[in-house]
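What follows is the content of model36.tsv (TSV, C-alpha atoms and all ligand atoms).
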```tsv
chain	number	residue	atom	x	y	z
A	1	MET	CA	-22.45	27.95	-9.39
A	2	ASN	CA	-21.24	24.90	-11.24
A	3	PHE	CA	-20.19	23.93	-14.72
A	4	PRO	CA	-22.72	22.08	-16.85
A	5	ASN	CA	-21.86	18.40	-17.30
A	6	SER	CA	-21.81	16.48	-20.57
A	7	LYS	CA	-25.35	15.17	-20.09
A	8	TYR	CA	-26.58	18.72	-19.83
A	9	TRP	CA	-24.80	19.74	-23.03
A	10	THR	CA	-26.45	16.85	-24.81
A	11	THR	CA	-29.86	18.06	-23.64
A	12	LEU	CA	-29.11	21.55	-24.95
A	13	ASN	CA	-27.91	20.12	-28.24
A	14	ASN	CA	-31.20	18.35	-28.69
A	15	LYS	CA	-33.10	21.55	-28.13
A	16	PHE	CA	-31.02	24.32	-29.69
A	17	ASN	CA	-28.86	25.04	-32.69
A	18	HIS	CA	-25.62	23.05	-32.36
A	19	GLN	CA	-23.37	25.92	-33.36
A	20	LEU	CA	-24.89	28.17	-30.70
A	21	VAL	CA	-24.48	25.47	-28.05
A	22	GLU	CA	-20.91	24.91	-29.19
A	23	ASN	CA	-20.21	28.64	-28.93
A	24	ILE	CA	-21.46	29.02	-25.38
A	25	LYS	CA	-19.73	25.79	-24.38
A	26	GLN	CA	-16.44	27.33	-25.45
A	27	TYR	CA	-16.95	30.11	-22.94
A	28	PHE	CA	-17.39	27.55	-20.18
A	29	ASP	CA	-14.41	25.57	-21.42
A	30	THR	CA	-12.07	28.45	-20.64
A	31	GLN	CA	-12.97	27.73	-16.98
A	32	GLU	CA	-12.85	31.45	-16.28
A	33	VAL	CA	-15.45	34.05	-15.41
A	34	PHE	CA	-17.15	35.60	-18.42
A	35	SER	CA	-20.11	37.71	-19.42
A	36	LEU	CA	-21.85	37.96	-22.77
A	37	ARG	CA	-24.97	38.95	-24.64
A	38	SER	CA	-26.95	36.80	-27.00
A	39	ILE	CA	-25.46	38.71	-29.94
A	40	ASP	CA	-22.00	37.44	-28.91
A	41	LEU	CA	-23.04	33.88	-29.70
A	42	ILE	CA	-23.91	34.77	-33.29
A	43	ILE	CA	-21.22	34.49	-35.87
A	44	ASP	CA	-22.99	35.24	-39.14
A	45	ASP	CA	-26.57	33.99	-39.14
A	46	ASN	CA	-28.45	36.80	-37.47
A	47	TYR	CA	-31.76	35.01	-37.69
A	48	LEU	CA	-30.47	32.89	-34.78
A	49	LEU	CA	-30.58	35.84	-32.39
A	50	SER	CA	-33.85	34.88	-30.74
A	51	GLU	CA	-32.68	31.31	-30.39
A	52	ALA	CA	-29.43	32.52	-28.80
A	53	ASP	CA	-31.62	34.48	-26.40
A	54	GLU	CA	-33.60	31.38	-25.51
A	55	LEU	CA	-30.46	29.32	-25.06
A	56	LEU	CA	-28.91	31.78	-22.63
A	57	ASN	CA	-32.19	32.10	-20.81
A	58	GLN	CA	-32.27	28.33	-20.44
A	59	LEU	CA	-28.79	28.38	-18.89
A	60	PHE	CA	-29.99	31.15	-16.59
A	61	THR	CA	-33.10	29.20	-15.58
A	62	ASP	CA	-30.95	26.17	-14.87
A	63	LYS	CA	-28.72	28.33	-12.64
A	64	TYR	CA	-25.57	28.10	-14.72
A	65	LEU	CA	-25.61	31.80	-15.59
A	66	ASP	CA	-26.50	35.04	-13.87
A	67	CYS	CA	-28.49	37.64	-15.73
A	68	GLU	CA	-28.85	41.40	-15.49
A	69	ILE	CA	-30.39	44.07	-17.68
A	70	ILE	CA	-28.19	46.84	-19.04
A	71	TYR	CA	-28.73	49.87	-21.33
A	72	VAL	CA	-26.70	50.24	-24.49
A	73	CYS	CA	-26.20	53.06	-26.94
A	74	PRO	CA	-28.35	52.56	-30.06
A	75	GLN	CA	-25.48	53.80	-32.24
A	76	CYS	CA	-22.24	52.24	-30.91
A	77	ASP	CA	-23.82	49.41	-28.95
A	78	ASP	CA	-21.65	50.09	-25.89
A	79	GLU	CA	-23.00	49.82	-22.37
A	80	LEU	CA	-24.20	53.10	-20.94
A	81	ASN	CA	-23.30	54.02	-17.36
A	82	GLU	CA	-25.60	55.95	-15.02
A	83	GLU	CA	-23.95	59.26	-15.78
A	84	GLU	CA	-24.54	58.81	-19.52
A	85	LEU	CA	-28.14	57.84	-18.91
A	86	ASP	CA	-28.69	60.96	-16.75
A	87	ASP	CA	-27.00	63.20	-19.31
A	88	LYS	CA	-28.91	61.54	-22.14
A	89	GLY	CA	-25.81	61.20	-24.24
A	90	CYS	CA	-23.26	58.49	-25.11
A	91	GLN	CA	-19.75	59.57	-24.12
A	92	LYS	CA	-18.09	57.04	-26.42
A	93	CYS	CA	-19.66	58.06	-29.74
A	94	GLY	CA	-21.40	61.32	-28.76
A	95	TYR	CA	-24.81	60.03	-29.79
A	96	SER	CA	-27.69	61.94	-28.24
A	97	LEU	CA	-30.31	59.97	-26.36
A	98	GLU	CA	-32.78	62.88	-26.41
A	99	HIS	CA	-34.70	61.50	-29.38
A	100	GLU	CA	-33.99	57.80	-29.14
A	101	GLU	CA	-34.35	55.71	-26.00
A	102	PRO	CA	-31.32	53.61	-25.02
A	103	THR	CA	-31.65	49.95	-25.90
A	104	LYS	CA	-32.37	47.53	-23.08
A	105	THR	CA	-30.50	44.28	-23.25
A	106	LYS	CA	-29.66	41.27	-21.11
A	107	VAL	CA	-26.13	40.39	-20.05
A	108	TYR	CA	-25.50	36.88	-18.92
A	109	SER	CA	-22.49	36.13	-16.78
A	110	PHE	CA	-20.71	33.23	-15.25
A	111	GLN	CA	-19.16	34.08	-11.91
A	112	GLY	CA	-16.89	31.09	-11.67
A	113	GLY	CA	-16.87	28.23	-9.27
A	114	ILE	CA	-15.14	24.97	-8.72
A	115	ARG	CA	-15.21	22.91	-11.84
A	116	LYS	CA	-16.93	19.63	-11.22
A	117	ARG	CA	-15.29	17.02	-13.35
A	118	ASP	CA	-17.47	14.73	-15.42
A	119	ILE	CA	-17.33	11.00	-14.98
A	120	SER	CA	-17.43	9.42	-18.40
A	121	TRP	CA	-17.94	5.87	-17.25
A	122	PHE	CA	-16.84	3.53	-14.51
A	123	PHE	CA	-15.02	0.28	-14.57
A	124	ILE	CA	-15.17	-1.58	-11.31
A	125	ILE	CA	-13.34	-4.76	-10.57
A	126	HIS	CA	-13.41	-6.95	-7.50
A	127	GLY	CA	-10.96	-9.17	-5.65
A	128	MET	CA	-10.39	-12.87	-5.62
A	129	ASN	CA	-12.51	-15.44	-3.87
A	130	THR	CA	-15.57	-13.20	-3.99
A	131	ARG	CA	-18.20	-12.26	-6.47
A	132	GLY	CA	-18.08	-8.65	-5.32
A	133	ALA	CA	-21.66	-8.02	-4.22
A	134	TRP	CA	-20.66	-4.43	-3.41
A	135	GLN	CA	-20.36	-3.62	-7.08
A	136	GLU	CA	-24.11	-3.41	-7.71
A	137	ASP	CA	-24.53	-1.35	-4.57
A	138	PHE	CA	-21.88	1.04	-5.79
A	139	SER	CA	-23.74	1.77	-9.03
A	140	TRP	CA	-26.85	3.18	-7.46
A	141	LYS	CA	-25.05	4.87	-4.58
A	142	ILE	CA	-22.94	6.83	-7.04
A	143	GLU	CA	-25.96	7.78	-9.13
A	144	LYS	CA	-27.70	9.00	-6.02
A	145	ILE	CA	-24.83	11.37	-5.28
A	146	TYR	CA	-24.56	12.86	-8.75
A	147	GLY	CA	-28.21	12.79	-9.61
A	148	TYR	CA	-27.58	11.55	-13.12
A	149	SER	CA	-26.86	8.12	-14.39
A	150	ILE	CA	-23.28	7.14	-15.09
A	151	PRO	CA	-22.53	3.99	-17.06
A	152	VAL	CA	-20.98	1.55	-14.61
A	153	ALA	CA	-19.32	-1.53	-16.05
A	154	ILE	CA	-19.12	-4.20	-13.44
A	155	TYR	CA	-16.44	-6.62	-14.33
A	156	LYS	CA	-16.71	-10.03	-12.80
A	157	TYR	CA	-14.26	-12.78	-13.46
A	158	GLY	CA	-15.96	-15.21	-11.16
A	159	LYS	CA	-14.87	-16.76	-7.96
A	160	ILE	CA	-11.23	-17.63	-8.19
A	161	ILE	CA	-9.26	-19.11	-5.38
A	162	SER	CA	-6.08	-20.73	-6.56
A	163	THR	CA	-5.26	-19.00	-9.82
A	164	PRO	CA	-3.93	-15.70	-8.42
A	165	PHE	CA	-1.12	-17.72	-6.88
A	166	LEU	CA	0.02	-19.08	-10.21
A	167	LYS	CA	1.36	-16.54	-12.64
A	168	PRO	CA	0.66	-18.50	-15.88
A	169	PHE	CA	-3.08	-18.27	-15.18
A	170	TRP	CA	-2.90	-14.52	-14.90
A	171	LYS	CA	-2.48	-14.02	-18.58
A	172	LYS	CA	-6.04	-15.15	-19.11
A	173	PHE	CA	-7.44	-12.61	-16.64
A	174	ILE	CA	-5.26	-9.81	-17.91
A	175	ASN	CA	-6.28	-10.37	-21.51
A	176	LYS	CA	-9.95	-10.77	-20.63
A	177	THR	CA	-9.94	-7.58	-18.57
A	178	LEU	CA	-8.21	-5.59	-21.30
A	179	ALA	CA	-10.57	-6.87	-23.97
A	180	LYS	CA	-13.53	-5.93	-21.79
A	181	ILE	CA	-12.29	-2.37	-21.24
A	182	LYS	CA	-11.66	-1.93	-24.96
A	183	THR	CA	-15.08	-3.18	-26.00
A	184	LEU	CA	-16.85	-1.05	-23.43
A	185	ASN	CA	-14.87	2.01	-24.43
A	186	ASP	CA	-16.04	1.62	-28.00
A	187	GLU	CA	-19.62	1.29	-26.83
A	188	ILE	CA	-19.65	4.42	-24.71
A	189	ILE	CA	-20.76	7.30	-26.84
A	190	ILE	CA	-20.88	10.61	-25.13
A	191	ASP	CA	-20.45	13.88	-26.97
A	192	ARG	CA	-17.24	14.09	-28.92
A	193	GLU	CA	-15.59	16.61	-26.60
A	194	THR	CA	-15.58	14.23	-23.71
A	195	GLN	CA	-12.76	11.85	-23.19
A	196	HIS	CA	-13.93	8.31	-22.84
A	197	ARG	CA	-11.43	7.24	-20.24
A	198	PRO	CA	-13.12	5.16	-17.57
A	199	ASP	CA	-12.66	5.90	-13.90
A	200	VAL	CA	-11.78	2.77	-12.00
A	201	VAL	CA	-12.61	1.38	-8.60
A	202	ALA	CA	-10.64	-1.77	-7.90
A	203	HIS	CA	-10.36	-4.03	-4.92
A	204	SER	CA	-7.73	-6.56	-3.89
A	205	PHE	CA	-6.72	-8.86	-6.77
A	206	GLY	CA	-8.50	-6.41	-9.08
A	207	THR	CA	-5.91	-3.77	-8.15
A	208	LEU	CA	-3.10	-6.12	-9.16
A	209	LEU	CA	-4.79	-6.84	-12.49
A	210	ILE	CA	-5.12	-3.12	-13.19
A	211	SER	CA	-1.45	-2.47	-12.38
A	212	GLU	CA	-0.31	-5.35	-14.59
A	213	LEU	CA	-2.51	-4.08	-17.40
A	214	LEU	CA	-1.10	-0.56	-17.15
A	215	LYS	CA	2.45	-1.87	-17.12
A	216	LYS	CA	1.94	-4.21	-20.04
A	217	TYR	CA	-0.25	-2.08	-22.32
A	218	PRO	CA	0.92	1.55	-22.69
A	219	GLU	CA	-2.10	2.22	-24.91
A	220	LEU	CA	-4.48	1.63	-22.00
A	221	LYS	CA	-5.69	5.01	-20.73
A	222	LEU	CA	-7.66	5.38	-17.53
A	223	GLY	CA	-9.20	8.36	-15.75
A	224	ARG	CA	-9.07	8.52	-11.99
A	225	VAL	CA	-8.27	5.26	-10.28
A	226	ILE	CA	-9.34	4.27	-6.75
A	227	LEU	CA	-7.49	1.37	-5.18
A	228	THR	CA	-8.96	-0.36	-2.14
A	229	GLY	CA	-7.42	-3.31	-0.32
A	230	SER	CA	-4.58	-2.87	-2.79
A	231	ILE	CA	-2.11	-5.71	-3.17
A	232	ILE	CA	0.03	-3.89	-5.72
A	233	SER	CA	3.67	-3.79	-4.74
A	234	PRO	CA	4.44	-0.49	-2.94
A	235	ASP	CA	7.47	-0.05	-5.21
A	236	PHE	CA	5.32	-0.21	-8.36
A	237	ASN	CA	6.72	2.08	-11.08
A	238	TRP	CA	3.99	4.76	-11.09
A	239	GLU	CA	6.39	7.31	-12.58
A	240	LEU	CA	6.39	5.35	-15.81
A	241	ILE	CA	2.59	5.06	-15.87
A	242	PHE	CA	2.19	8.81	-15.34
A	243	GLN	CA	4.91	9.60	-17.90
A	244	ARG	CA	3.00	7.59	-20.46
A	245	GLY	CA	-0.15	9.53	-19.55
A	246	GLN	CA	-2.02	6.35	-18.73
A	247	VAL	CA	-3.80	7.59	-15.63
A	248	GLU	CA	-5.19	10.95	-14.62
A	249	ALA	CA	-4.84	10.40	-10.88
A	250	VAL	CA	-4.59	7.54	-8.42
A	251	LEU	CA	-6.01	7.29	-4.91
A	252	CYS	CA	-4.73	4.52	-2.67
A	253	HIS	CA	-7.28	4.05	0.10
A	254	CYS	CA	-5.35	2.23	2.80
A	255	ALA	CA	-6.74	0.10	5.61
A	256	GLY	CA	-4.55	-0.27	8.68
A	257	LYS	CA	-5.86	-3.72	9.55
A	258	ASP	CA	-5.78	-5.25	6.08
A	259	PHE	CA	-4.36	-8.71	6.74
A	260	TRP	CA	-4.58	-9.93	3.13
A	261	SER	CA	-2.79	-6.94	1.72
A	262	ARG	CA	-0.06	-7.41	4.30
A	263	VAL	CA	0.65	-11.06	3.49
A	264	SER	CA	-0.12	-11.28	-0.23
A	265	HIS	CA	3.46	-10.73	-1.37
A	266	TYR	CA	4.67	-13.95	0.21
A	267	TRP	CA	2.54	-15.89	-2.23
A	268	ILE	CA	1.55	-13.72	-5.18
A	269	TYR	CA	4.03	-12.36	-7.71
A	270	ASN	CA	4.48	-8.59	-8.03
A	271	SER	CA	2.21	-7.98	-5.10
A	272	GLY	CA	2.79	-6.13	-1.84
A	273	PRO	CA	1.15	-4.39	1.11
A	274	SER	CA	0.29	-1.04	-0.54
A	275	GLY	CA	-3.25	-1.43	0.83
A	276	VAL	CA	-1.75	-1.05	4.31
A	277	ILE	CA	1.32	1.17	4.00
A	278	GLY	CA	0.65	2.93	0.69
A	279	PHE	CA	3.12	3.36	-2.16
A	280	ASN	CA	6.73	4.42	-1.95
A	281	GLN	CA	5.82	7.02	-4.56
A	282	LYS	CA	4.15	9.71	-2.47
A	283	GLU	CA	4.42	12.64	-4.86
A	284	LEU	CA	2.16	11.22	-7.54
A	285	ILE	CA	-0.24	9.01	-5.62
A	286	HIS	CA	-2.98	10.32	-3.34
A	287	HIS	CA	-3.23	8.36	-0.09
A	288	THR	CA	-6.01	8.15	2.45
A	289	PHE	CA	-5.40	6.11	5.55
A	290	GLU	CA	-8.05	4.43	7.70
A	291	PRO	CA	-6.30	2.86	10.69
A	292	THR	CA	-9.20	0.67	11.82
A	293	LEU	CA	-10.46	-0.79	8.53
A	294	ARG	CA	-9.85	-4.35	7.37
A	295	HIS	CA	-9.52	-5.79	3.87
A	296	SER	CA	-13.18	-5.77	2.85
A	297	ASP	CA	-14.53	-3.14	5.25
A	298	PHE	CA	-14.63	-0.53	2.50
A	299	PHE	CA	-17.95	-1.94	1.34
A	300	LYS	CA	-19.60	-2.55	4.68
A	301	GLU	CA	-20.89	0.01	7.18
A	302	ASN	CA	-18.36	2.57	5.96
A	303	PHE	CA	-19.45	2.26	2.34
A	304	ASP	CA	-21.54	5.46	2.22
A	305	LYS	CA	-18.99	7.41	4.19
A	306	ASN	CA	-16.19	6.29	1.89
A	307	ILE	CA	-18.08	7.24	-1.23
A	308	ASN	CA	-19.31	10.59	0.06
A	309	GLU	CA	-16.23	11.81	1.86
A	310	THR	CA	-13.33	10.22	0.01
A	311	TRP	CA	-14.17	8.76	-3.39
A	312	ALA	CA	-16.66	11.28	-4.76
A	313	PRO	CA	-14.47	14.32	-4.00
A	314	PHE	CA	-11.51	12.51	-5.56
A	315	LEU	CA	-13.53	11.63	-8.64
A	316	THR	CA	-15.17	14.95	-9.44
A	317	ASP	CA	-13.55	17.80	-7.53
A	318	GLN	CA	-10.56	19.71	-8.72
A	319	LEU	CA	-7.59	17.73	-7.40
A	320	GLN	CA	-5.65	19.32	-4.61
A	321	PRO	CA	-1.89	19.24	-5.02
A	322	ILE	CA	-0.38	16.35	-3.11
A	323	ASP	CA	1.51	17.39	-0.03
A	324	SER	CA	3.96	14.53	0.28
A	325	ASN	CA	4.83	15.49	3.86
A	326	LYS	CA	1.27	14.95	4.94
A	327	GLN	CA	0.98	11.61	3.22
A	328	LEU	CA	1.06	8.61	5.47
A	329	GLN	CA	4.46	7.10	5.99
A	330	PRO	CA	5.43	3.55	6.73
A	331	LYS	CA	6.41	3.33	10.39
A	332	ASN	CA	10.12	2.91	9.72
A	333	LYS	CA	10.07	5.73	7.12
A	334	LYS	CA	12.17	3.57	4.82
A	335	LEU	CA	10.99	2.74	1.35
A	336	TRP	CA	9.34	-0.62	1.07
A	337	GLN	CA	11.32	-3.45	-0.48
A	338	PRO	CA	10.20	-6.95	-1.39
A	339	SER	CA	10.72	-9.31	1.53
A	340	LYS	CA	13.56	-11.85	1.41
A	341	LEU	CA	11.15	-14.38	2.86
A	342	ARG	CA	9.81	-14.76	-0.66
A	343	PHE	CA	12.79	-16.96	-1.47
A	344	ILE	CA	11.35	-19.45	0.97
A	345	SER	CA	7.63	-18.83	0.56
A	346	PHE	CA	7.54	-18.99	-3.24
A	347	PRO	CA	9.22	-22.44	-3.50
A	348	LEU	CA	7.12	-23.54	-0.53
A	349	LYS	CA	4.03	-22.50	-2.45
A	350	TYR	CA	4.97	-24.79	-5.33
A	351	ILE	CA	5.81	-27.64	-2.99
A	352	ILE	CA	2.37	-27.30	-1.37
A	353	ILE	CA	0.65	-27.15	-4.74
A	354	ALA	CA	2.65	-30.16	-5.99
A	355	LEU	CA	1.72	-32.10	-2.86
A	356	LEU	CA	-1.93	-31.22	-3.34
A	357	VAL	CA	-1.89	-32.28	-6.97
A	358	PHE	CA	-0.13	-35.50	-6.03
A	359	SER	CA	-2.64	-36.23	-3.27
A	360	ILE	CA	-5.52	-35.79	-5.69
A	361	ILE	CA	-3.94	-38.10	-8.26
A	362	PHE	CA	-3.16	-40.62	-5.54
A	363	LEU	CA	-6.77	-40.57	-4.31
A	364	LEU	CA	-8.21	-40.85	-7.79
A	365	ILE	CA	-6.10	-43.87	-8.58
A	366	SER	CA	-6.71	-45.49	-5.20
A	367	LEU	CA	-10.48	-45.35	-5.67
A	368	PRO	CA	-10.59	-48.22	-8.17
A	369	MET	CA	-7.28	-49.82	-7.17
A	370	GLY	CA	-7.32	-49.57	-3.41
A	371	ILE	CA	-4.89	-47.63	-1.25
A	372	ILE	CA	-2.31	-50.37	-0.73
A	373	LYS	CA	-1.96	-51.16	-4.41
A	374	THR	CA	-1.66	-47.46	-5.24
A	375	TYR	CA	0.91	-46.98	-2.52
A	376	ASN	CA	2.94	-49.84	-3.90
A	377	LEU	CA	2.62	-48.43	-7.40
A	378	PHE	CA	4.17	-45.13	-6.36
A	379	PHE	CA	6.55	-46.01	-3.59
A	380	THR	CA	7.85	-49.58	-4.09
A	381	GLN	CA	9.57	-51.18	-6.98
B	401	ZN	ZN	-22.55	55.39	-28.47
```
For this file, produce the structure as structure tokens.
Amino acid sequence: MNFPNSKYWTTLNNKFNHQLVENIKQYFDTQEVFSLRSIDLIIDDNYLLSEADELLNQLFTDKYLDCEIIYVCPQCDDELNEEELDDKGCQKCGYSLEHEEPTKTKVYSFQGGIRKRDISWFFIIHGMNTRGAWQEDFSWKIEKIYGYSIPVAIYKYGKIISTPFLKPFWKKFINKTLAKIKTLNDEIIIDRETQHRPDVVAHSFGTLLISELLKKYPELKLGRVILTGSIISPDFNWELIFQRGQVEAVLCHCAGKDFWSRVSHYWIYNSGPSGVIGFNQKELIHHTFEPTLRHSDFFKENFDKNINETWAPFLTDQLQPIDSNKQLQPKNKKLWQPSKLRFISFPLKYIIIALLVFSIIFLLISLPMGIIKTYNLFFTQ
């Protein structure tokens, strides 16, 4: 038996008295087993009794509640046990059932079960140098699993190749992404009880954008976050992000053969191979390790398997406590640190870019002027 989701509550609200729906919802919100009669849903307006009956019956029909018939004492309204029924007398108030039949009534009960978490909405963001065709696929796959439609915001920033390497250009992406999340959040209207935090699926450069956003904007609040092909630095300060209550949970889905995640930190600021080795922080972050996958394999033949077996349980099941001993460890068991090679590769990056820019200028000028004249212009007095 499962808990009704927010869509279901909306349906009930359209059909029944709001106060009654609110009252029964509060029983479910305790997340504990309970049993009640229709009269228990009524606070003062007794004319609602038949509607309360219908509401509970609806929940029973939709398999959220069990139902059984009991006998109660017409005087004290307490449930009568078999002995009392045989003796034709209520033991609690002494009322005789010789002349009046006991009242038949229905008791509805919820026997508990694993709470399935609701997904409010999704924000999915792809990597660089791709338009992320998997994103559309993801939308309908996820709806197929849950059987109800979940708003999925697909964020595309276009095909970018060079800009991730140059930090000044990042600002644009970070601000655009933040603005997009904020606008969408305002647009999503689910019932007022539900938190509007989006769950996130990010890939590659998208993971880095998300981490920069979280670091820079403490007001940004996300639900459960799935990182694939992550290029966030393994020493990223997740403690701070959790302290500020910015994320509900994070799953780092690692791929053992992710070349891009492994090499990104030589060229891209604040990045690192967390998509391969996971994060240093193993108490807060959930890790799943796939030794044979490569950078973009998450969305290929393993796509369905990943969604069904890893992402969906992470998104909607009750989270299991993280056993940090069972989490994957980097081979040398030491915490990851930024490579010293960066002191060579970062300047090298700028030298290469400068050379490229120079070559382009040189070519552009040499088109009308000719190569020899251009050469003389730059290199001889
Ligand atoms: Zn009685």
What residues have any atom no more than 8 Å from ligand ZN 401 (chain B) when counting all atoms listed in the file, and can you list them as an MDAnalysis selection string? chainID A and resid 72:78 89:95
Selected residues written out with C-alpha atoms, as a PDB file, in the coordinates of the input:
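Now in part.pdb:
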```pdb
ATOM      1  CA  VAL A  72     -26.700  50.240 -24.490  1.00  0.00           C
ATOM      2  CA  CYS A  73     -26.200  53.060 -26.940  1.00  0.00           C
ATOM      3  CA  PRO A  74     -28.350  52.560 -30.060  1.00  0.00           C
ATOM      4  CA  GLN A  75     -25.480  53.800 -32.240  1.00  0.00           C
ATOM      5  CA  CYS A  76     -22.240  52.240 -30.910  1.00  0.00           C
ATOM      6  CA  ASP A  77     -23.820  49.410 -28.950  1.00  0.00           C
ATOM      7  CA  ASP A  78     -21.650  50.090 -25.890  1.00  0.00           C
ATOM      8  CA  GLY A  89     -25.810  61.200 -24.240  1.00  0.00           C
ATOM      9  CA  CYS A  90     -23.260  58.490 -25.110  1.00  0.00           C
ATOM     10  CA  GLN A  91     -19.750  59.570 -24.120  1.00  0.00           C
ATOM     11  CA  LYS A  92     -18.090  57.040 -26.420  1.00  0.00           C
ATOM     12  CA  CYS A  93     -19.660  58.060 -29.740  1.00  0.00           C
ATOM     13  CA  GLY A  94     -21.400  61.320 -28.760  1.00  0.00           C
ATOM     14  CA  TYR A  95     -24.810  60.030 -29.790  1.00  0.00           C
TER      15      TYR A  95
END
```
Using atom CA of Ser139 of chain A and atom CA of Phe289 of chain A as the two end points, give the distance in Å to one decimal.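 These two atoms are separated by 23.8 Å.
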Please provide the set of residues having any atom within 12 Å of Ser339 of chain A, restricted to all atoms listed in the file, with same-chain residues fewer than 4 positions apart removed, written as a list in words. Ser233, Pro234, Asp235, Arg262, Val263, Ser264, His265, Tyr266, Trp267, Tyr269, Asn270, Ser271, Gly272, Pro273, Phe343, Ile344, Ser345 and Phe346 of chain A
Distance query segment 39-45 of chain A at most 7 Å, all atoms listed in the file, self and fewer than 2 positions along chain excluded, as JSON, numbers by chain: {"A": [20, 23, 24, 36, 37, 47, 48, 49, 52]}
Just to confirm, what's the straight-line distance from atom CA of Lys257 of chain A to atom CA of Arg294 of chain A in Å (one decimal)?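 Straight-line distance from atom CA of Lys257 of chain A to atom CA of Arg294 of chain A works out to 4.6 Å.
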Counting all atoms listed in the file, which of A:Ile125, A:Leu377, A:Val225, A:Ala133 gets nearest to Asp199 of chain A? A:Val225
Please provide the set of residues having any atom within 12 Å of segment 348-364 of chain A, restricted to only C-alpha atoms, with same-chain residues fewer than 2 positions apart removed, written as a PyMOL selection string. chain A and resi 162-163+165-167+265-269+341-346+366-379
